[in-house]
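Participant: model_25.cif is the file, holding mmCIF, C-alpha atoms:
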data_work
#
loop_
_atom_site.group_PDB
_atom_site.id
_atom_site.type_symbol
_atom_site.label_atom_id
_atom_site.label_comp_id
_atom_site.auth_asym_id
_atom_site.auth_seq_id
_atom_site.Cartn_x
_atom_site.Cartn_y
_atom_site.Cartn_z
ATOM 1 C CA MET N 1 89.728 56.389 59.552
ATOM 2 C CA THR N 2 89.970 57.938 62.995
ATOM 3 C CA ARG N 3 93.135 58.852 64.889
ATOM 4 C CA GLN N 4 92.776 59.879 68.491
ATOM 5 C CA SER N 5 94.866 60.975 71.450
ATOM 6 C CA LYS N 6 93.729 62.402 74.789
ATOM 7 C CA SER N 7 93.051 65.881 73.455
ATOM 8 C CA ILE N 8 92.925 65.523 69.657
ATOM 9 C CA GLN N 9 90.749 63.425 67.365
ATOM 10 C CA ILE N 10 91.126 63.443 63.570
ATOM 11 C CA ASP N 11 88.466 61.858 61.356
ATOM 12 C CA SER N 12 89.389 61.552 57.701
ATOM 13 C CA VAL N 13 86.563 62.075 55.211
ATOM 14 C CA ARG N 14 86.591 60.120 51.996
ATOM 15 C CA GLY N 15 86.152 62.239 48.911
ATOM 16 C CA PHE N 16 85.265 61.523 45.311
ATOM 17 C CA ARG N 17 88.291 59.258 44.763
ATOM 18 C CA THR N 18 86.642 55.862 44.889
ATOM 19 C CA PHE N 19 87.143 52.768 42.781
ATOM 20 C CA SER N 20 83.622 52.949 41.345
ATOM 21 C CA ASN N 21 83.964 56.612 40.305
ATOM 22 C CA SER N 22 87.278 55.870 38.581
ATOM 23 C CA CYS N 23 85.758 52.841 36.807
ATOM 24 C CA TRP N 24 82.738 54.841 35.626
ATOM 25 C CA ALA N 25 85.040 57.577 34.302
ATOM 26 C CA CYS N 26 87.023 54.998 32.294
ATOM 27 C CA VAL N 27 83.870 53.300 30.997
ATOM 28 C CA LEU N 28 82.377 56.619 29.884
ATOM 29 C CA ILE N 29 85.545 57.852 28.199
ATOM 30 C CA PHE N 30 86.300 54.617 26.347
ATOM 31 C CA GLY N 31 82.635 54.072 25.511
ATOM 32 C CA ALA N 32 82.334 57.564 24.062
ATOM 33 C CA LEU N 33 85.337 57.177 21.776
ATOM 34 C CA GLY N 34 83.372 54.931 19.387
ATOM 35 C CA PRO N 35 80.437 57.257 18.626
ATOM 36 C CA THR N 36 82.781 60.249 18.469
ATOM 37 C CA SER N 37 85.078 58.601 15.944
ATOM 38 C CA VAL N 38 82.167 57.313 13.817
ATOM 39 C CA GLY N 39 80.539 60.754 13.812
ATOM 40 C CA LEU N 40 83.799 62.429 12.775
ATOM 41 C CA SER N 41 84.496 59.697 10.195
ATOM 42 C CA SER N 42 81.096 60.256 8.589
ATOM 43 C CA HIS N 43 81.904 63.956 8.285
ATOM 44 C CA ILE N 44 85.373 63.631 6.740
ATOM 45 C CA GLY N 45 84.519 60.561 4.638
ATOM 46 C CA LYS N 46 87.394 58.405 5.927
ATOM 47 C CA ASP N 47 87.338 55.832 8.756
ATOM 48 C CA LEU N 48 89.405 57.038 11.709
ATOM 49 C CA ILE N 49 89.209 53.616 13.382
ATOM 50 C CA PRO N 50 89.141 50.728 10.863
ATOM 51 C CA LEU N 51 87.035 48.521 13.176
ATOM 52 C CA LEU N 52 84.254 51.147 13.210
ATOM 53 C CA PRO N 53 83.224 51.719 9.562
ATOM 54 C CA SER N 54 81.160 54.794 8.822
ATOM 55 C CA ARG N 55 80.324 54.378 5.129
ATOM 56 C CA TYR N 56 76.618 53.745 5.848
ATOM 57 C CA ILE N 57 76.298 56.653 8.295
ATOM 58 C CA VAL N 58 75.108 59.924 6.766
ATOM 59 C CA PHE N 59 76.596 62.907 8.599
ATOM 60 C CA ILE N 60 73.262 64.733 8.727
ATOM 61 C CA PRO N 61 71.439 63.564 10.920
ATOM 62 C CA GLN N 62 73.050 60.296 12.202
ATOM 63 C CA GLY N 63 76.664 61.489 12.226
ATOM 64 C CA ILE N 64 75.816 64.667 14.117
ATOM 65 C CA VAL N 65 73.801 62.741 16.714
ATOM 66 C CA MET N 66 76.611 60.211 17.211
ATOM 67 C CA LEU N 67 79.183 62.990 17.466
ATOM 68 C CA PHE N 68 77.044 64.866 19.993
ATOM 69 C CA HIS N 69 76.516 61.769 22.177
ATOM 70 C CA GLY N 70 80.185 60.849 21.956
ATOM 71 C CA LEU N 71 81.342 64.336 22.952
ATOM 72 C CA ALA N 72 78.824 64.424 25.814
ATOM 73 C CA GLY N 73 80.188 61.086 27.074
ATOM 74 C CA LEU N 74 83.758 62.368 26.818
ATOM 75 C CA PHE N 75 82.923 65.508 28.797
ATOM 76 C CA VAL N 76 81.055 63.637 31.558
ATOM 77 C CA GLY N 77 83.767 60.974 31.772
ATOM 78 C CA SER N 78 86.487 63.633 31.921
ATOM 79 C CA TYR N 79 84.601 65.461 34.670
ATOM 80 C CA LEU N 80 84.284 62.263 36.738
ATOM 81 C CA GLY N 81 87.930 61.398 36.135
ATOM 82 C CA CYS N 82 89.166 64.852 37.149
ATOM 83 C CA ALA N 83 86.965 64.923 40.262
ATOM 84 C CA ALA N 84 88.301 61.495 41.276
ATOM 85 C CA PHE N 85 91.907 62.495 40.532
ATOM 86 C CA TRP N 86 91.625 65.691 42.598
ATOM 87 C CA ASP N 87 89.653 63.854 45.345
ATOM 88 C CA VAL N 88 86.988 66.559 45.514
ATOM 89 C CA GLY N 89 85.192 66.482 48.880
ATOM 90 C CA GLY N 90 87.969 64.625 50.686
ATOM 91 C CA GLY N 91 89.498 66.054 53.831
ATOM 92 C CA TYR N 92 89.311 65.743 57.580
ATOM 93 C CA ASN N 93 87.492 66.822 60.741
ATOM 94 C CA LEU N 94 89.761 67.812 63.626
ATOM 95 C CA PHE N 95 88.537 67.985 67.208
ATOM 96 C CA ASN N 96 91.122 69.719 69.422
ATOM 97 C CA LYS N 97 90.110 69.897 73.087
ATOM 98 C CA ARG N 98 93.393 71.489 74.185
ATOM 99 C CA GLU N 99 93.008 74.577 71.970
ATOM 100 C CA GLY N 100 89.204 74.478 71.939
ATOM 101 C CA ILE N 101 88.894 74.550 68.160
ATOM 102 C CA PHE N 102 87.087 72.371 65.667
ATOM 103 C CA PRO N 103 88.273 72.871 62.060
ATOM 104 C CA ILE N 104 86.656 71.112 59.099
ATOM 105 C CA PHE N 105 88.833 70.831 55.988
ATOM 106 C CA ARG N 106 87.728 69.701 52.499
ATOM 107 C CA TRP N 107 89.310 69.775 49.056
ATOM 108 C CA GLY N 108 87.367 71.451 46.255
ATOM 109 C CA PHE N 109 88.012 71.860 42.562
ATOM 110 C CA PRO N 110 91.354 73.479 41.640
ATOM 111 C CA GLY N 111 91.408 77.221 41.552
ATOM 112 C CA ARG N 112 91.669 80.109 43.933
ATOM 113 C CA ASN N 113 89.351 78.567 46.538
ATOM 114 C CA CYS N 114 90.340 74.904 46.210
ATOM 115 C CA ARG N 115 90.722 74.470 49.977
ATOM 116 C CA ILE N 116 87.619 74.759 52.097
ATOM 117 C CA CYS N 117 88.328 75.255 55.783
ATOM 118 C CA ALA N 118 85.830 76.262 58.460
ATOM 119 C CA LYS N 119 86.832 76.718 62.105
ATOM 120 C CA PHE N 120 84.444 76.588 65.016
ATOM 121 C CA SER N 121 84.856 76.845 68.757
ATOM 122 C CA SER N 122 84.457 73.554 70.618
ATOM 123 C CA LYS N 123 82.441 75.388 73.292
ATOM 124 C CA ASP N 124 79.732 76.168 70.708
ATOM 125 C CA ILE N 125 79.079 72.490 69.909
ATOM 126 C CA GLN N 126 75.836 71.626 71.693
ATOM 127 C CA ALA N 127 75.337 68.069 70.432
ATOM 128 C CA VAL N 128 76.218 65.579 67.726
ATOM 129 C CA GLY N 129 73.307 65.049 65.362
ATOM 130 C CA LEU N 130 72.534 61.976 63.314
ATOM 131 C CA GLU N 131 69.959 62.367 60.548
ATOM 132 C CA THR N 132 68.627 59.178 58.986
ATOM 133 C CA GLN N 133 66.226 58.759 56.127
ATOM 134 C CA GLY N 134 65.116 55.385 54.837
ATOM 135 C CA GLY N 135 63.677 54.326 51.538
ATOM 136 C CA LEU N 136 65.148 53.158 48.262
ATOM 137 C CA TYR N 137 68.219 55.379 48.680
ATOM 138 C CA PRO N 138 68.839 55.644 52.436
ATOM 139 C CA ARG N 139 70.563 58.785 53.665
ATOM 140 C CA ARG N 140 72.574 59.054 56.869
ATOM 141 C CA ILE N 141 74.309 62.298 57.786
ATOM 142 C CA LEU N 142 76.395 63.032 60.873
ATOM 143 C CA TYR N 143 76.754 66.671 61.912
ATOM 144 C CA PRO N 144 77.600 68.818 64.958
ATOM 145 C CA LYS N 145 74.859 71.093 66.274
ATOM 146 C CA ILE N 146 76.691 74.392 66.608
ATOM 147 C CA ARG N 147 75.149 77.271 68.523
ATOM 148 C CA GLY N 148 73.946 79.971 66.120
ATOM 149 C CA ARG N 149 75.129 78.136 62.989
ATOM 150 C CA GLN N 150 73.706 75.900 60.324
ATOM 151 C CA ASN N 151 74.421 72.165 60.491
ATOM 152 C CA VAL N 152 77.719 71.242 58.810
ATOM 153 C CA PRO N 153 77.946 67.603 57.647
ATOM 154 C CA LEU N 154 80.869 65.610 59.017
ATOM 155 C CA THR N 155 80.367 62.705 56.623
ATOM 156 C CA ARG N 156 80.064 62.508 52.887
ATOM 157 C CA THR N 157 76.446 62.805 51.727
ATOM 158 C CA GLY N 158 76.575 59.702 49.527
ATOM 159 C CA GLU N 159 78.444 57.569 52.075
ATOM 160 C CA ASN N 160 77.076 54.035 52.246
ATOM 161 C CA SER N 161 77.617 53.335 55.929
ATOM 162 C CA SER N 162 75.210 51.200 57.867
ATOM 163 C CA LEU N 163 73.103 52.718 60.618
ATOM 164 C CA SER N 164 75.092 50.918 63.324
ATOM 165 C CA GLU N 165 78.395 52.260 61.905
ATOM 166 C CA MET N 166 77.018 55.808 61.856
ATOM 167 C CA GLU N 167 75.664 55.449 65.394
ATOM 168 C CA GLU N 168 79.048 54.155 66.548
ATOM 169 C CA LYS N 169 80.830 57.072 64.876
ATOM 170 C CA ALA N 170 78.374 59.566 66.431
ATOM 171 C CA ALA N 171 78.837 57.979 69.858
ATOM 172 C CA GLY N 172 82.635 58.181 69.551
ATOM 173 C CA ILE N 173 82.572 61.875 68.659
ATOM 174 C CA ALA N 174 79.987 62.674 71.358
ATOM 175 C CA ARG N 175 82.008 60.770 73.965
ATOM 176 C CA PHE N 176 85.187 62.599 72.942
ATOM 177 C CA LEU N 177 83.528 66.040 73.055
ATOM 178 C CA ARG N 178 81.323 65.149 76.048
ATOM 179 C CA VAL N 179 78.109 66.316 74.391
ATOM 180 C CA PRO N 180 74.790 64.487 73.870
ATOM 181 C CA ILE N 181 73.622 62.802 70.675
ATOM 182 C CA GLU N 182 70.482 64.014 68.907
ATOM 183 C CA SER N 183 68.860 61.784 66.337
ATOM 184 C CA PHE N 184 66.508 62.976 63.634
ATOM 185 C CA ARG N 185 64.712 60.393 61.576
ATOM 186 C CA GLY N 186 63.262 61.314 58.207
ATOM 187 C CA LEU N 187 61.079 58.926 56.257
ATOM 188 C CA PRO N 188 60.443 55.482 57.766
ATOM 189 C CA ARG N 189 62.887 52.722 56.830
#
Is it possible to give me this structure as structure tokens?
Facilitator:
Amino acid sequence: MTRQSKSIQIDSVRGFRTFSNSCWACVLIFGALGPTSVGLSSHIGKDLIPLLPSRYIVFIPQGIVMLFHGLAGLFVGSYLGCAAFWDVGGGYNLFNKREGIFPIFRWGFPGRNCRICAKFSSKDIQAVGLETQGGLYPRRILYPKIRGRQNVPLTRTGENSSLSEMEEKAAGIARFLRVPIESFRGLPR
């Protein structure tokens, strides 16, 4: 989503909080509860969930393997759920012509450095770059070419935007900043 006035443009960047990430977190957590409960049930000798009997599962080696896979699923599902809840990677790009600054803000994982903010001078932006790479998993990244700095992505790396949408977004930013567009193509499409 882009909001724009004469001297300020704000582009919001979508983070990890997507419907698919939340669904995968739920699927992993609920799917891992079965093997975890069967593995624990085989160890203690009593069924924790009556629908999942464990009387034919020997704790060593089947119970341990089921417990390990269940716990791994719980940890991965919890990680995905927490990252989606905290919206890791979400934020905004602000282009302020009046003050001549260009801050990039992103949310990280909770802790001391959970907010990631980088400020650049608008005068140092030489061009807006668009990197495209085709193939099975196409990659399209929009970034400002900043004098003396490394390229900083303006879009999410895994964003599934079409090439025309990315070109339109690059053209809008370049028009607003009055800089040229540079395109870099990786592998053929």
Participant: At most 10 Å is the cut-off: for each residue in segment 62-137 of chain N with any atom that close to an atom of segment 158-179 of chain N, write down the nearest atom pair and the distance in Å rounded to one decimal, counting all atoms listed in the file, chain first then increasing number, as JSON lines.
Facilitator:
{"residue": "N:Phe95", "atom": "CA", "partner": "N:Leu177", "partner_atom": "CA", "distance": 7.9}
{"residue": "N:Asn96", "atom": "CA", "partner": "N:Leu177", "partner_atom": "CA", "distance": 9.2}
{"residue": "N:Lys97", "atom": "CA", "partner": "N:Leu177", "partner_atom": "CA", "distance": 7.6}
{"residue": "N:Ser122", "atom": "CA", "partner": "N:Leu177", "partner_atom": "CA", "distance": 8.0}
{"residue": "N:Lys123", "atom": "CA", "partner": "N:Leu177", "partner_atom": "CA", "distance": 9.4}
{"residue": "N:Ile125", "atom": "CA", "partner": "N:Val179", "partner_atom": "CA", "distance": 7.7}
{"residue": "N:Gln126", "atom": "CA", "partner": "N:Val179", "partner_atom": "CA", "distance": 6.4}
{"residue": "N:Ala127", "atom": "CA", "partner": "N:Val179", "partner_atom": "CA", "distance": 5.1}
{"residue": "N:Val128", "atom": "CA", "partner": "N:Ala174", "partner_atom": "CA", "distance": 6.0}
{"residue": "N:Gly129", "atom": "CA", "partner": "N:Ala170", "partner_atom": "CA", "distance": 7.5}
{"residue": "N:Leu130", "atom": "CA", "partner": "N:Ala170", "partner_atom": "CA", "distance": 7.0}
{"residue": "N:Glu131", "atom": "CA", "partner": "N:Met166", "partner_atom": "CA", "distance": 9.7}
{"residue": "N:Thr132", "atom": "CA", "partner": "N:Leu163", "partner_atom": "CA", "distance": 8.0}
{"residue": "N:Tyr137", "atom": "CA", "partner": "N:Gly158", "partner_atom": "CA", "distance": 9.4}
Participant: To verify the selection step, state as a list in words which residues the PyMOL selection byres ((chain N and resi 35) around 10) yields on this input.
Facilitator: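 That selection, the PyMOL selection byres ((chain N and resi 35) around 10), comes back as Gly31, Ala32, Leu33, Gly34, Thr36, Ser37, Val38, Gly39, Leu40, Ser41, Leu52, Gly63, Ile64, Val65, Met66, Leu67, Phe68, His69, Gly70, Leu71 and Gly73 of chain N.
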Participant: Skip Arg3 of chain N itself and residues of its chain fewer than 4 positions away, then list as number ranges by chain all residues within 10 Å of it, counting all atoms listed in the file.
Facilitator: N: 8-12, 94
Participant: Residues at most 10 Å from Arg156 of chain N, counting only C-alpha atoms, excluding those fewer than 6 positions away in the same chain, as JSON, numbers by chain?
Facilitator: {"N": [13, 14, 15, 16, 89, 90, 140, 141, 142]}
Participant: Using atom CA of Ala72 of chain N and atom CA of Gly111 of chain N as the two end points, give the distance in Å to one decimal.
Facilitator: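 Atom CA of Gly111 of chain N lies at a distance of 23.9 Å from atom CA of Ala72 of chain N.
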Participant: Of the residues N:Cys26, N:Lys46, N:Phe120, N:Lys6, which is the one nearest to Asn151 of chain N, using all atoms listed in the file?
Facilitator: N:Phe120
Participant: By how many Å are atom CA of Arg112 of chain N and atom CA of Trp86 of chain N apart?
Facilitator: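 Computing the Euclidean distance for atom CA of Arg112 of chain N and atom CA of Trp86 of chain N yields 14.5 Å.
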Participant: Have a look at atom CA of Trp24 of chain N and atom CA of Gly81 of chain N and let me know their distance in Å, one decimal.
Facilitator: 8.4 Å
